[in-house]
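The structure appears below as structure tokens.
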Amino acid sequence: MIGQYEKLKEGQQLERLQKKAVTKVQLVKYAGASGDFNPLHTDDAFAQSIGMSGVIAHGMLIMGFLGEYVMKLAGTDAEVHTFNMRFGAMTRPGDSIFCDGTVEELFEEDGRRYVRLLLKATKEEGITVGTGKAVLRFF
């Protein structure tokens, strides 16, 4: 959790979230949950037929990981006001994802306190699979 607004500082690195390695079963379940049945995410033979080494994770699955991270940071002290993400490198089964956040800015608007976060999702090798920003509004 991000904790109390008063204890935050611009440039502060926040606690990391490590996700378990992505699995093929997870990709099939995500396809069912999202309705995205593109065989690139579920069928190795298809992925190989178009020049890939195998299936890749849905970009939105990675966005979901960052969304989970932001919700954990907000905890019971804040709510998510805005959240966006840009996709980076491909995620494949076996990749573990790390979600990191940095306090970019603390500000007040209309008597409410906010924190703007810089977000990053990386693979174990340090390769960026997604970046984003979120704004949390404190209660």
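A note on labels: chains of the structure tokens are A, B, ... as shown, every chain counts residues from 1, and ligands are counted from 1 in their shown order.
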
With 9 Å as the cut-off and only C-alpha atoms counted, what is the closest atom pair between each nearby residue of range 10-98 of chain A and range 111-116 of chain A? Distances in Å to one decimal, ordered by chain and number, as a tab-separated table.
```
residue	atom	partner	partner_atom	distance
A:Glu10	CA	A:Val115	CA	9.0
A:Ala78	CA	A:Tyr114	CA	8.6
A:His81	CA	A:Tyr114	CA	8.7
```

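Residue neighbourhood of range 46-62 of chain A, excluding near-sequence residues (fewer than 5 positions): A:Val22, A:Leu27, A:Tyr30, A:Pro39, A:Leu40, A:His41, A:Phe87, A:Met90, A:Thr91, A:Arg92, A:Pro93, A:Ala121, A:Val129, A:Gly130, at 8 Å, using only C-alpha atoms.
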
Residues of the last selection are to be written out with all heavy atoms, as an mmCIF file, in the first residue's frame.
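Contents of selection.cif, freshly written:
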```cif
data_model
loop_
_atom_site.group_PDB
_atom_site.id
_atom_site.type_symbol
_atom_site.label_atom_id
_atom_site.label_comp_id
_atom_site.auth_asym_id
_atom_site.auth_seq_id
_atom_site.Cartn_x
_atom_site.Cartn_y
_atom_site.Cartn_z
ATOM 1 N N VAL A 22 4.114 -16.344 -16.315
ATOM 2 C CA VAL A 22 2.938 -16.503 -17.169
ATOM 3 C C VAL A 22 2.923 -17.936 -17.703
ATOM 4 O O VAL A 22 3.960 -18.487 -18.062
ATOM 5 C CB VAL A 22 3.001 -15.484 -18.331
ATOM 6 C CG1 VAL A 22 1.901 -15.736 -19.351
ATOM 7 C CG2 VAL A 22 2.927 -14.055 -17.786
ATOM 8 N N LEU A 27 -3.025 -17.981 -20.302
ATOM 9 C CA LEU A 27 -3.383 -17.292 -21.547
ATOM 10 C C LEU A 27 -4.730 -17.774 -22.082
ATOM 11 O O LEU A 27 -5.536 -16.974 -22.564
ATOM 12 C CB LEU A 27 -2.290 -17.481 -22.599
ATOM 13 C CG LEU A 27 -0.913 -16.912 -22.243
ATOM 14 C CD1 LEU A 27 0.052 -17.111 -23.405
ATOM 15 C CD2 LEU A 27 -0.989 -15.462 -21.839
ATOM 16 N N TYR A 30 -7.361 -16.305 -19.853
ATOM 17 C CA TYR A 30 -7.531 -14.881 -20.139
ATOM 18 C C TYR A 30 -8.294 -14.688 -21.446
ATOM 19 O O TYR A 30 -9.136 -13.796 -21.547
ATOM 20 C CB TYR A 30 -6.181 -14.151 -20.186
ATOM 21 C CG TYR A 30 -6.382 -12.663 -20.284
ATOM 22 C CD1 TYR A 30 -6.644 -11.903 -19.154
ATOM 23 C CD2 TYR A 30 -6.376 -12.029 -21.527
ATOM 24 C CE1 TYR A 30 -6.884 -10.542 -19.253
ATOM 25 C CE2 TYR A 30 -6.614 -10.672 -21.638
ATOM 26 C CZ TYR A 30 -6.866 -9.936 -20.500
ATOM 27 O OH TYR A 30 -7.115 -8.591 -20.599
ATOM 28 N N PRO A 39 -5.595 -16.685 -32.095
ATOM 29 C CA PRO A 39 -4.763 -17.878 -31.875
ATOM 30 C C PRO A 39 -3.294 -17.553 -31.582
ATOM 31 O O PRO A 39 -2.569 -18.421 -31.090
ATOM 32 C CB PRO A 39 -4.920 -18.681 -33.164
ATOM 33 C CG PRO A 39 -5.406 -17.721 -34.180
ATOM 34 C CD PRO A 39 -6.188 -16.672 -33.436
ATOM 35 N N LEU A 40 -2.879 -16.333 -31.824
ATOM 36 C CA LEU A 40 -1.512 -15.918 -31.486
ATOM 37 C C LEU A 40 -1.252 -16.067 -29.982
ATOM 38 O O LEU A 40 -0.119 -16.250 -29.560
ATOM 39 C CB LEU A 40 -1.283 -14.466 -31.914
ATOM 40 C CG LEU A 40 0.074 -13.859 -31.606
ATOM 41 C CD1 LEU A 40 1.196 -14.650 -32.277
ATOM 42 C CD2 LEU A 40 0.112 -12.413 -32.052
ATOM 43 N N HIS A 41 -2.331 -16.046 -29.199
ATOM 44 C CA HIS A 41 -2.207 -16.125 -27.743
ATOM 45 C C HIS A 41 -2.428 -17.533 -27.187
ATOM 46 O O HIS A 41 -2.159 -17.771 -26.011
ATOM 47 C CB HIS A 41 -3.197 -15.169 -27.079
ATOM 48 C CG HIS A 41 -3.053 -13.746 -27.532
ATOM 49 N ND1 HIS A 41 -1.887 -13.042 -27.395
ATOM 50 C CD2 HIS A 41 -3.932 -12.915 -28.130
ATOM 51 C CE1 HIS A 41 -2.059 -11.821 -27.882
ATOM 52 N NE2 HIS A 41 -3.288 -11.724 -28.341
ATOM 53 N N PHE A 87 2.158 -0.379 -24.377
ATOM 54 C CA PHE A 87 2.733 -1.711 -24.458
ATOM 55 C C PHE A 87 4.172 -1.637 -24.947
ATOM 56 O O PHE A 87 4.530 -0.760 -25.720
ATOM 57 C CB PHE A 87 1.893 -2.599 -25.376
ATOM 58 C CG PHE A 87 0.459 -2.688 -24.921
ATOM 59 C CD1 PHE A 87 -0.549 -2.098 -25.659
ATOM 60 C CD2 PHE A 87 0.133 -3.333 -23.755
ATOM 61 C CE1 PHE A 87 -1.868 -2.160 -25.233
ATOM 62 C CE2 PHE A 87 -1.185 -3.407 -23.312
ATOM 63 C CZ PHE A 87 -2.187 -2.818 -24.058
ATOM 64 N N MET A 90 7.156 -8.108 -26.072
ATOM 65 C CA MET A 90 6.224 -9.226 -25.915
ATOM 66 C C MET A 90 6.527 -10.037 -24.656
ATOM 67 O O MET A 90 7.682 -10.169 -24.260
ATOM 68 C CB MET A 90 6.296 -10.136 -27.138
ATOM 69 C CG MET A 90 5.745 -9.492 -28.380
ATOM 70 S SD MET A 90 5.825 -10.599 -29.799
ATOM 71 C CE MET A 90 7.447 -10.190 -30.413
ATOM 72 N N THR A 91 5.466 -10.550 -24.078
ATOM 73 C CA THR A 91 5.566 -11.441 -22.923
ATOM 74 C C THR A 91 5.210 -12.840 -23.399
ATOM 75 O O THR A 91 4.222 -13.037 -24.101
ATOM 76 C CB THR A 91 4.596 -10.995 -21.813
ATOM 77 O OG1 THR A 91 4.918 -9.655 -21.435
ATOM 78 C CG2 THR A 91 4.679 -11.907 -20.604
ATOM 79 N N ARG A 92 6.021 -13.804 -22.984
ATOM 80 C CA ARG A 92 5.832 -15.189 -23.407
ATOM 81 C C ARG A 92 5.622 -16.083 -22.183
ATOM 82 O O ARG A 92 6.021 -15.724 -21.069
ATOM 83 C CB ARG A 92 7.062 -15.672 -24.179
ATOM 84 C CG ARG A 92 7.344 -14.839 -25.410
ATOM 85 C CD ARG A 92 8.562 -15.349 -26.167
ATOM 86 N NE ARG A 92 8.913 -14.464 -27.254
ATOM 87 C CZ ARG A 92 8.264 -14.360 -28.401
ATOM 88 N NH1 ARG A 92 7.213 -15.092 -28.630
ATOM 89 N NH2 ARG A 92 8.664 -13.524 -29.331
ATOM 90 N N PRO A 93 5.018 -17.246 -22.370
ATOM 91 C CA PRO A 93 4.910 -18.180 -21.250
ATOM 92 C C PRO A 93 6.293 -18.420 -20.636
ATOM 93 O O PRO A 93 7.291 -18.541 -21.358
ATOM 94 C CB PRO A 93 4.351 -19.450 -21.897
ATOM 95 C CG PRO A 93 3.552 -18.931 -23.062
ATOM 96 C CD PRO A 93 4.367 -17.767 -23.580
ATOM 97 N N ALA A 121 6.333 -2.220 -16.121
ATOM 98 C CA ALA A 121 6.289 -3.679 -16.014
ATOM 99 C C ALA A 121 7.470 -4.216 -16.815
ATOM 100 O O ALA A 121 7.652 -3.852 -17.979
ATOM 101 C CB ALA A 121 4.971 -4.226 -16.565
ATOM 102 N N VAL A 129 8.036 -4.437 -20.679
ATOM 103 C CA VAL A 129 6.880 -4.947 -21.425
ATOM 104 C C VAL A 129 5.711 -3.969 -21.378
ATOM 105 O O VAL A 129 4.734 -4.138 -22.092
ATOM 106 C CB VAL A 129 6.456 -6.357 -20.940
ATOM 107 C CG1 VAL A 129 7.543 -7.369 -21.230
ATOM 108 C CG2 VAL A 129 6.088 -6.366 -19.478
ATOM 109 N N GLY A 130 5.811 -2.947 -20.532
ATOM 110 C CA GLY A 130 4.771 -1.935 -20.477
ATOM 111 C C GLY A 130 5.164 -0.791 -19.561
ATOM 112 O O GLY A 130 5.903 -0.985 -18.595
#
```

Can you tell me, as a JSON list (two decimals) with all heavy atoms, in the first residue's frame, what residues are no more than 6 Å from Thr122 in chain A when counting only C-alpha atoms, ignoring any on the same chain fewer than 3 positions away?
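Result file follows (result_3.json):
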```
[["chain", "number", "residue", "atom", "x", "y", "z"],
["A", 97, "ILE", "N", 6.82, -11.33, -14.41],
["A", 97, "ILE", "CA", 6.66, -9.89, -14.60],
["A", 97, "ILE", "C", 6.80, -9.17, -13.26],
["A", 97, "ILE", "O", 6.24, -9.61, -12.25],
["A", 97, "ILE", "CB", 5.29, -9.56, -15.24],
["A", 97, "ILE", "CG1", 5.12, -10.30, -16.58],
["A", 97, "ILE", "CG2", 5.10, -8.06, -15.39],
["A", 97, "ILE", "CD1", 6.13, -9.93, -17.65],
["A", 98, "PHE", "N", 7.53, -8.07, -13.29],
["A", 98, "PHE", "CA", 7.73, -7.23, -12.12],
["A", 98, "PHE", "C", 7.07, -5.88, -12.38],
["A", 98, "PHE", "O", 7.31, -5.27, -13.42],
["A", 98, "PHE", "CB", 9.21, -7.01, -11.85],
["A", 98, "PHE", "CG", 9.96, -8.28, -11.57],
["A", 98, "PHE", "CD1", 10.54, -8.99, -12.60],
["A", 98, "PHE", "CD2", 10.06, -8.77, -10.28],
["A", 98, "PHE", "CE1", 11.23, -10.17, -12.36],
["A", 98, "PHE", "CE2", 10.74, -9.95, -10.03],
["A", 98, "PHE", "CZ", 11.33, -10.65, -11.06],
["A", 126, "GLY", "N", 14.97, -7.61, -17.31],
["A", 126, "GLY", "CA", 14.98, -6.15, -17.30],
["A", 126, "GLY", "C", 14.37, -5.53, -18.54],
["A", 126, "GLY", "O", 14.44, -4.32, -18.74],
["A", 127, "ILE", "N", 13.75, -6.33, -19.38],
["A", 127, "ILE", "CA", 13.13, -5.83, -20.61],
["A", 127, "ILE", "C", 11.75, -5.28, -20.28],
["A", 127, "ILE", "O", 10.93, -5.93, -19.64],
["A", 127, "ILE", "CB", 13.01, -6.96, -21.65],
["A", 127, "ILE", "CG1", 14.40, -7.46, -22.03],
["A", 127, "ILE", "CG2", 12.24, -6.51, -22.88],
["A", 127, "ILE", "CD1", 14.41, -8.75, -22.82],
["A", 128, "THR", "N", 11.48, -4.05, -20.71],
["A", 128, "THR", "CA", 10.21, -3.39, -20.42],
["A", 128, "THR", "C", 9.11, -3.95, -21.31],
["A", 128, "THR", "O", 9.22, -3.93, -22.54],
["A", 128, "THR", "CB", 10.34, -1.87, -20.63],
["A", 128, "THR", "OG1", 11.35, -1.38, -19.75],
["A", 128, "THR", "CG2", 9.03, -1.17, -20.34],
["A", 129, "VAL", "N", 8.04, -4.44, -20.68],
["A", 129, "VAL", "CA", 6.88, -4.95, -21.42],
["A", 129, "VAL", "C", 5.71, -3.97, -21.38],
["A", 129, "VAL", "O", 4.73, -4.14, -22.09],
["A", 129, "VAL", "CB", 6.46, -6.36, -20.94],
["A", 129, "VAL", "CG1", 7.54, -7.37, -21.23],
["A", 129, "VAL", "CG2", 6.09, -6.37, -19.48]]
```

note = Across A:Leu66, A:Asp77, A:Leu119, A:Thr131, the smallest distance to Ala89 in chain A, with only C-alpha atoms counted, is shown by A:Thr131

inquiry  = So that I can check the secondary structure, give me every residue of chain A assigned alpha helix (DSSP H) by backbone DSSP, as a count of residues only.
reply    = 33

remark   = Counting only C-alpha atoms, closest pick from A:Arg16, A:Lys7, A:Lys133, A:Arg86 relative to Glu104 in chain A is A:Lys133

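Nearest-residue note for Gln12 in chain A: choosing from A:Thr102, A:Lys123, A:Val135, A:Glu109, the minimum distance belongs to A:Thr102, counting only C-alpha atoms.
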
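Using only C-alpha atoms, the smallest distance between any of A:Glu15, A:Glu79, A:Glu124, A:Asp110 and Gly94 in chain A comes from A:Glu124.
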
inquiry  = Give me, as a ChimeraX atom specification, the residues of range 64-118 of chain A that a backbone DSSP run labels strand (DSSP E or B).
reply    = /A:78-87,97-109,112-118

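Distances to Tyr5 in chain A were evaluated for A:Leu118, A:Val25, A:Leu106, A:Gly35 using only C-alpha atoms, and the minimum falls at A:Leu106.
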
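The smallest atom-to-atom distance between Met85 in chain A and any of A:Gly32, A:Gly11, A:Gly132, A:Gly3, using only C-alpha atoms, is found for A:Gly132.
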